[in-house]
Amino acid sequence: MKANIILRSSAILIAAGLVAASCGDDDGDSSEDTTAATAVEEASADTAATEDTAAEEPDAATADCAVGETDGNLAIYNWAEYIDQEELDAFAAEYDISVTMDTYDSNEAMQPIISAGNSGFDLIGPSDYMVTILTAAGSVQALNQAAIPNMANLLPEFTDLAYDPGNQYSAPYQWGTTGMALNTSVVGADYEPTWGLIFDPELAGEFSGQITLLNDPRETMGAALKYLGYSLNTTSEEELAEATDLVSAARDNLAAFDTDQADELLVSGETVIAHGYSGDMFVQFLDADDPSEYVYFVPKEGGARWVDTIAIPFDAPHPCSAHTFINWLLSGEHGAALSNWNYYSTPNAAALDLLDEDLVLFLTDPSLVVGGVESLEQFVDTGDFEINYSDAFIEAKG
Amino acid sequence: MRGTVKLSRATRAGMSVNAVAVYLFLYAPIILLVVFSFSNHRNVGQWGGFTFDWYREFGDNESLRRALWVSIKVAVWSTLISVVLGTLSALALERFTFRGQKVFDGLLYLPIIIPDVTMAVMMLLFFSEALDVVNGVFGLAWTKGIETITISHIAFNISFVSIVVRARLQGMDDTLEQAAMDLYATRWRTFRYVTLPQIAPGIAGGALLAVTLSLDDVVVTQFSAGPGATTLPVYVFGLIRRGVTPLINATSVIMLAISIVLILLSLLLQRTSGSGFIGRGRGEPEDQNSPSISQKETP
């Protein structure tokens with residue numbers, strides 16, 4: 001019996017060893033990721049240096065594909081409910097190949113699966129910051145621009161973003177913002193479009209207990225930083241401390257820190273001001289009894305913009321089918337079909353005229369971003385400073 | 001003495017309150033889930049009148065139905081294989097002695113002890129490397145898929161099945177097996193007509209556990225899946241990102257119904273197993289008697 005116990009505990013020790021080993025691996029990878037990511041960012045201005053990085057990774061060579069060429073059945077790995085099955089069927093019929101789509105629930109769940117290799121997928125749908133991480137790790141291949149002539153359809157503001165300058169590794173195909181939604185029947189039509197509605201004790205006091213902030217360290221600290229006039233990617237401890245005090249003080253007027261239900265609480269009348277994502281808000285507004293009562297905007301101080309892209313894993317079995325699908329998706333017709341189905345905005349200039357009428361207002365109205373496009377920022381990976389954001393948010397929540 | 005203990009009125013009242021509380025705790029969320037799956041409102045938690053729409057939508061939603069089908073296939077195959085392997089390893093550990101037995105015994109607990117995420121990362125690396133080797137040596141183009149999910153589920157299910165079956169074996173008197181062998185039954189016949197009928201409820205329990213674990217698993221599945229192999233729980237997790245609608249309730253109710261059918265089936269099996277349903281086998285009359293009579297005659 002004693003021997004048994006010893007053996008069992010040694011088994012546990014082995015298990016612990018395995019855990020430690022795999023964690024160690026992870027750490028190693030991620031620190032490499034971040035250093036390489038910063039390296040890529042620093043080099044982004046200098047195209048020659050970027051080409052050097054590409055040359056070092058043989059996997060990053062572009063696939064030799066013609067426009068519209070297919071080389072086998074397509075396997076897509078994407079967010080759930082992002083591309084309409086009917087669209088996939090239409091593509092399959094047009095090119096006479098089969099298309100399967102599998103889904104993940106976060107960038108972080110997808111990344112290790114693709115980076116490990118042999119995933120079997122031809123296309124993935126990483127968000128902006130994840131493209132940087134995947135590129136640095138050599139997990140996605142450079143796109144053969146010649147095979148994707150529809151890249152020309154992209155609005156100019158989406159052709160040279162910091163996460164992937166020149167869209168060398170990814171094609172943006174959906175975007176949205178994080179901003180503020182109001183119930184105008186309570187707040188009134190002559191509100192001032194400012195984050196102060198949440199953070200200024202005087203403005204917010206009027207709606208005390210009817211305000212929600214997102215339950216997300218980067219998003220919520222980011223909103224406070226924007227209100228203070230700082231970058232939402234700041235790595236200054238003083239600026240972050242100021243934002244922490246601001247969120248902490250705003251707590252008195254909050255109903256909750258809520259991400260999943262923020263939109264539903266607003267439309268059900270439990271709250272009147274909500275910090276939230278554009279697409280989620282629009283879906284709820286269209287479902288409300290009177291959609292005209294609600295507005296969504298990015299306050300004048302600015303806010304966060306996310307861009308979802310489509311990219312090809314380094315070891316995709318059918319890169320030519322993948323290029324053809326990207327080109328197909330970036331056409332005006334299919335870009336619009338996508339937005340009409342998932343209510344996210346499109347970066348595709350050719351698609352703008354084809355959007356459903358009741359969506360046009362939501363998806364293209366320039367007044368949605370009060371401070372103009374320049375006031376929007378993408379979140380970037382701050383590396384080791386990321387933990388400061390988590391800590392600050394925990395402190396602010398009390 | 002049993003049954004004659006007098007409980008004070010207060011104790012009895014307290015116990016029934018406790019019983020009600022326990023059942024409420026266990027079943028109130030499930031009842032709510034079922035009720036709101038019939039709600040005619042996009043938001044879960046808001047009642048908008050009775051409707052079957054969400055079930056209709058489940059039927060119309062090809063992705064969901066495909067995911068359910070993948071889940072069922074994986075659950076059935078991984079259960080069948082892990083039940084055979086788990087039972088064999090339980091027998092080996094309990095009825096034989098061999099070199100390295102204790103190490104094997106200890107290692108068998110590993111998949112139960114280690115966290116899901118660790119197991120998932122191990123599977124991810126294993127399949128990635130293994131496919132490199134296999135594809136390289138044989139010139140194939142295999143990718144991950146239903147098969148790799150099934151293998152990873154077998155990997156953790158073996159341990160659970162083996163533990164349940166072993167518990168049954170440990171509680172079993174081996175004099176019956178010795179008696180059978182005294183009467184010149186071969187090892188196979190002893191196993192087939194004496195051991196197997198007695199451990200059948202343990203096997204059924206282990207199988208049920210395996211099916212449940214396989215249907216439930218998200219983390220390991222996600223990391224060992226490939227194209228065309230999204231299971232229902234993985235898909236549902238993805239759906240939640242766009243807001244929880246009663247469609248997810250309806251899906252959960254359907255999974256719940258499948259689980260309940262499985263449990264009822266296993267209860268039924270366990271009831272009939274007392275009269276030797278496995279021993280009856282090919283319908284030979286003496287088989288029918290041997291296990292059941294011997295069971296009844298053991299005091």
# chains A, B, ... in the order shown; residues from 1 in each chain; ligands from 1

$ select_by_dssp --residues "stretch 205-365 of chain A" --states "helix (DSSP H, G or I)" --output "VMD selection string"
chain A and resid 205 217 to 227 237 to 253 262 to 267 278 to 287 291 to 293 319 to 329 332 to 342 349 to 354 357 to 364

$ closest_atom_pairs --of "chain B" --to "chain A" --cutoff "9 Å" --atoms "only C-alpha atoms" --output "Markdown table"
| residue | atom | partner | partner_atom | distance |
| --- | --- | --- | --- | --- |
| B:Arg42 | CA | A:Asp287 | CA | 8.2 |
| B:Asn43 | CA | A:Glu264 | CA | 7.0 |
| B:Gln46 | CA | A:Ser268 | CA | 8.9 |
| B:Glu62 | CA | A:Gln85 | CA | 8.2 |
| B:Ser63 | CA | A:Gln85 | CA | 8.1 |
| B:Lys102 | CA | A:Asn4 | CA | 6.6 |
| B:Val103 | CA | A:Leu7 | CA | 6.4 |
| B:Asp105 | CA | A:Arg8 | CA | 8.0 |
| B:Gly106 | CA | A:Arg8 | CA | 4.7 |
| B:Leu107 | CA | A:Ala11 | CA | 5.8 |
| B:Leu108 | CA | A:Ala11 | CA | 8.9 |
| B:Tyr109 | CA | A:Ala11 | CA | 7.9 |
| B:Leu110 | CA | A:Ala15 | CA | 6.5 |
| B:Pro111 | CA | A:Ala15 | CA | 8.9 |
| B:Ile113 | CA | A:Ile12 | CA | 7.4 |
| B:Ile114 | CA | A:Ala15 | CA | 6.3 |
| B:Pro115 | CA | A:Val19 | CA | 8.4 |
| B:Thr118 | CA | A:Val19 | CA | 6.0 |
| B:Met119 | CA | A:Val19 | CA | 8.8 |
| B:Val121 | CA | A:Ser22 | CA | 7.4 |
| B:Met122 | CA | A:Ser22 | CA | 7.7 |
| B:Leu124 | CA | A:Ile113 | CA | 6.9 |
| B:Leu125 | CA | A:Ala116 | CA | 6.6 |
| B:Phe127 | CA | A:Asn118 | CA | 8.0 |
| B:Ser128 | CA | A:Asn118 | CA | 5.4 |
| B:Glu129 | CA | A:Asn118 | CA | 8.3 |
| B:Leu131 | CA | A:Asn118 | CA | 7.0 |
| B:Asp132 | CA | A:Asn118 | CA | 7.4 |
| B:Ala141 | CA | A:Pro317 | CA | 8.5 |
| B:Trp142 | CA | A:Gly120 | CA | 8.3 |
| B:Thr143 | CA | A:Gly120 | CA | 5.2 |
| B:Lys144 | CA | A:Ser119 | CA | 6.3 |
| B:Gly145 | CA | A:Gly120 | CA | 8.6 |
| B:Gln222 | CA | A:Tyr104 | CA | 8.0 |
| B:Phe223 | CA | A:Ile113 | CA | 6.3 |
| B:Ser224 | CA | A:Ile113 | CA | 8.3 |
| B:Ala225 | CA | A:Ser119 | CA | 8.1 |
| B:Gly226 | CA | A:Ser119 | CA | 5.9 |
| B:Pro227 | CA | A:Ala75 | CA | 5.7 |
| B:Gly228 | CA | A:Thr100 | CA | 5.8 |
| B:Ala229 | CA | A:Asp102 | CA | 7.0 |
| B:Thr230 | CA | A:Asp102 | CA | 5.7 |
| B:Val234 | CA | A:Tyr104 | CA | 7.3 |
| B:Tyr235 | CA | A:Thr103 | CA | 6.4 |
| B:Val236 | CA | A:Ala80 | CA | 8.7 |
| B:Phe237 | CA | A:Asp105 | CA | 6.3 |
| B:Gly238 | CA | A:Asp105 | CA | 4.3 |
| B:Leu239 | CA | A:Ala80 | CA | 5.7 |
| B:Ile240 | CA | A:Asp105 | CA | 8.3 |
| B:Arg241 | CA | A:Asp105 | CA | 6.9 |
| B:Arg242 | CA | A:Asp280 | CA | 7.2 |
| B:Gly243 | CA | A:Asp260 | CA | 6.4 |
| B:Val244 | CA | A:Asp260 | CA | 8.2 |

$ closest_residue --among "A:Phe158, A:Ala256, A:Ala392, A:Ala351" --to "A:Gly209" --atoms "only C-alpha atoms"
A:Ala256

$ atom_distance --atom1 "atom CA of A:Val298" --atom2 "atom CA of A:Val369"
4.8 Å

$ select_by_dssp --residues "stretch 253-299 of chain A" --states "strand (DSSP E or B)" --output "JSON, numbers by chain"
{"A": [254, 255, 256, 257, 273, 274, 275, 276, 277, 294, 295, 296, 297, 298]}

$ write_last_selection --atoms "C-alpha atoms" --output "compact mmCIF listing (two decimals), in the first residue's frame"
# COMPACT_ATOMS: atom_id res chain seq x y z
CA LEU A 254 -22.86 52.32 -12.73
CA ALA A 255 -25.45 49.57 -12.84
CA ALA A 256 -22.79 47.03 -13.77
CA PHE A 257 -19.62 46.13 -15.61
CA ILE A 273 -26.32 54.58 -21.38
CA ALA A 274 -24.17 51.64 -22.41
CA HIS A 275 -20.54 51.22 -23.39
CA GLY A 276 -20.52 48.56 -26.09
CA TYR A 277 -19.68 47.16 -29.53
CA TYR A 294 -31.63 54.49 -29.78
CA VAL A 295 -28.35 55.89 -31.02
CA TYR A 296 -24.86 54.54 -31.16
CA PHE A 297 -21.77 56.68 -31.66
CA VAL A 298 -18.08 56.91 -30.84

$ atom_distance --atom1 "atom CA of A:Ala66" --atom2 "atom CA of A:Ala350"
22.3 Å

$ residues_around --residues "A:Thr184" --least-positions-apart "5" --cutoff "12 Å" --atoms "only C-alpha atoms" --output "PyMOL selection string"
chain A and resi 189-193+266-267+269+271-273+290-296
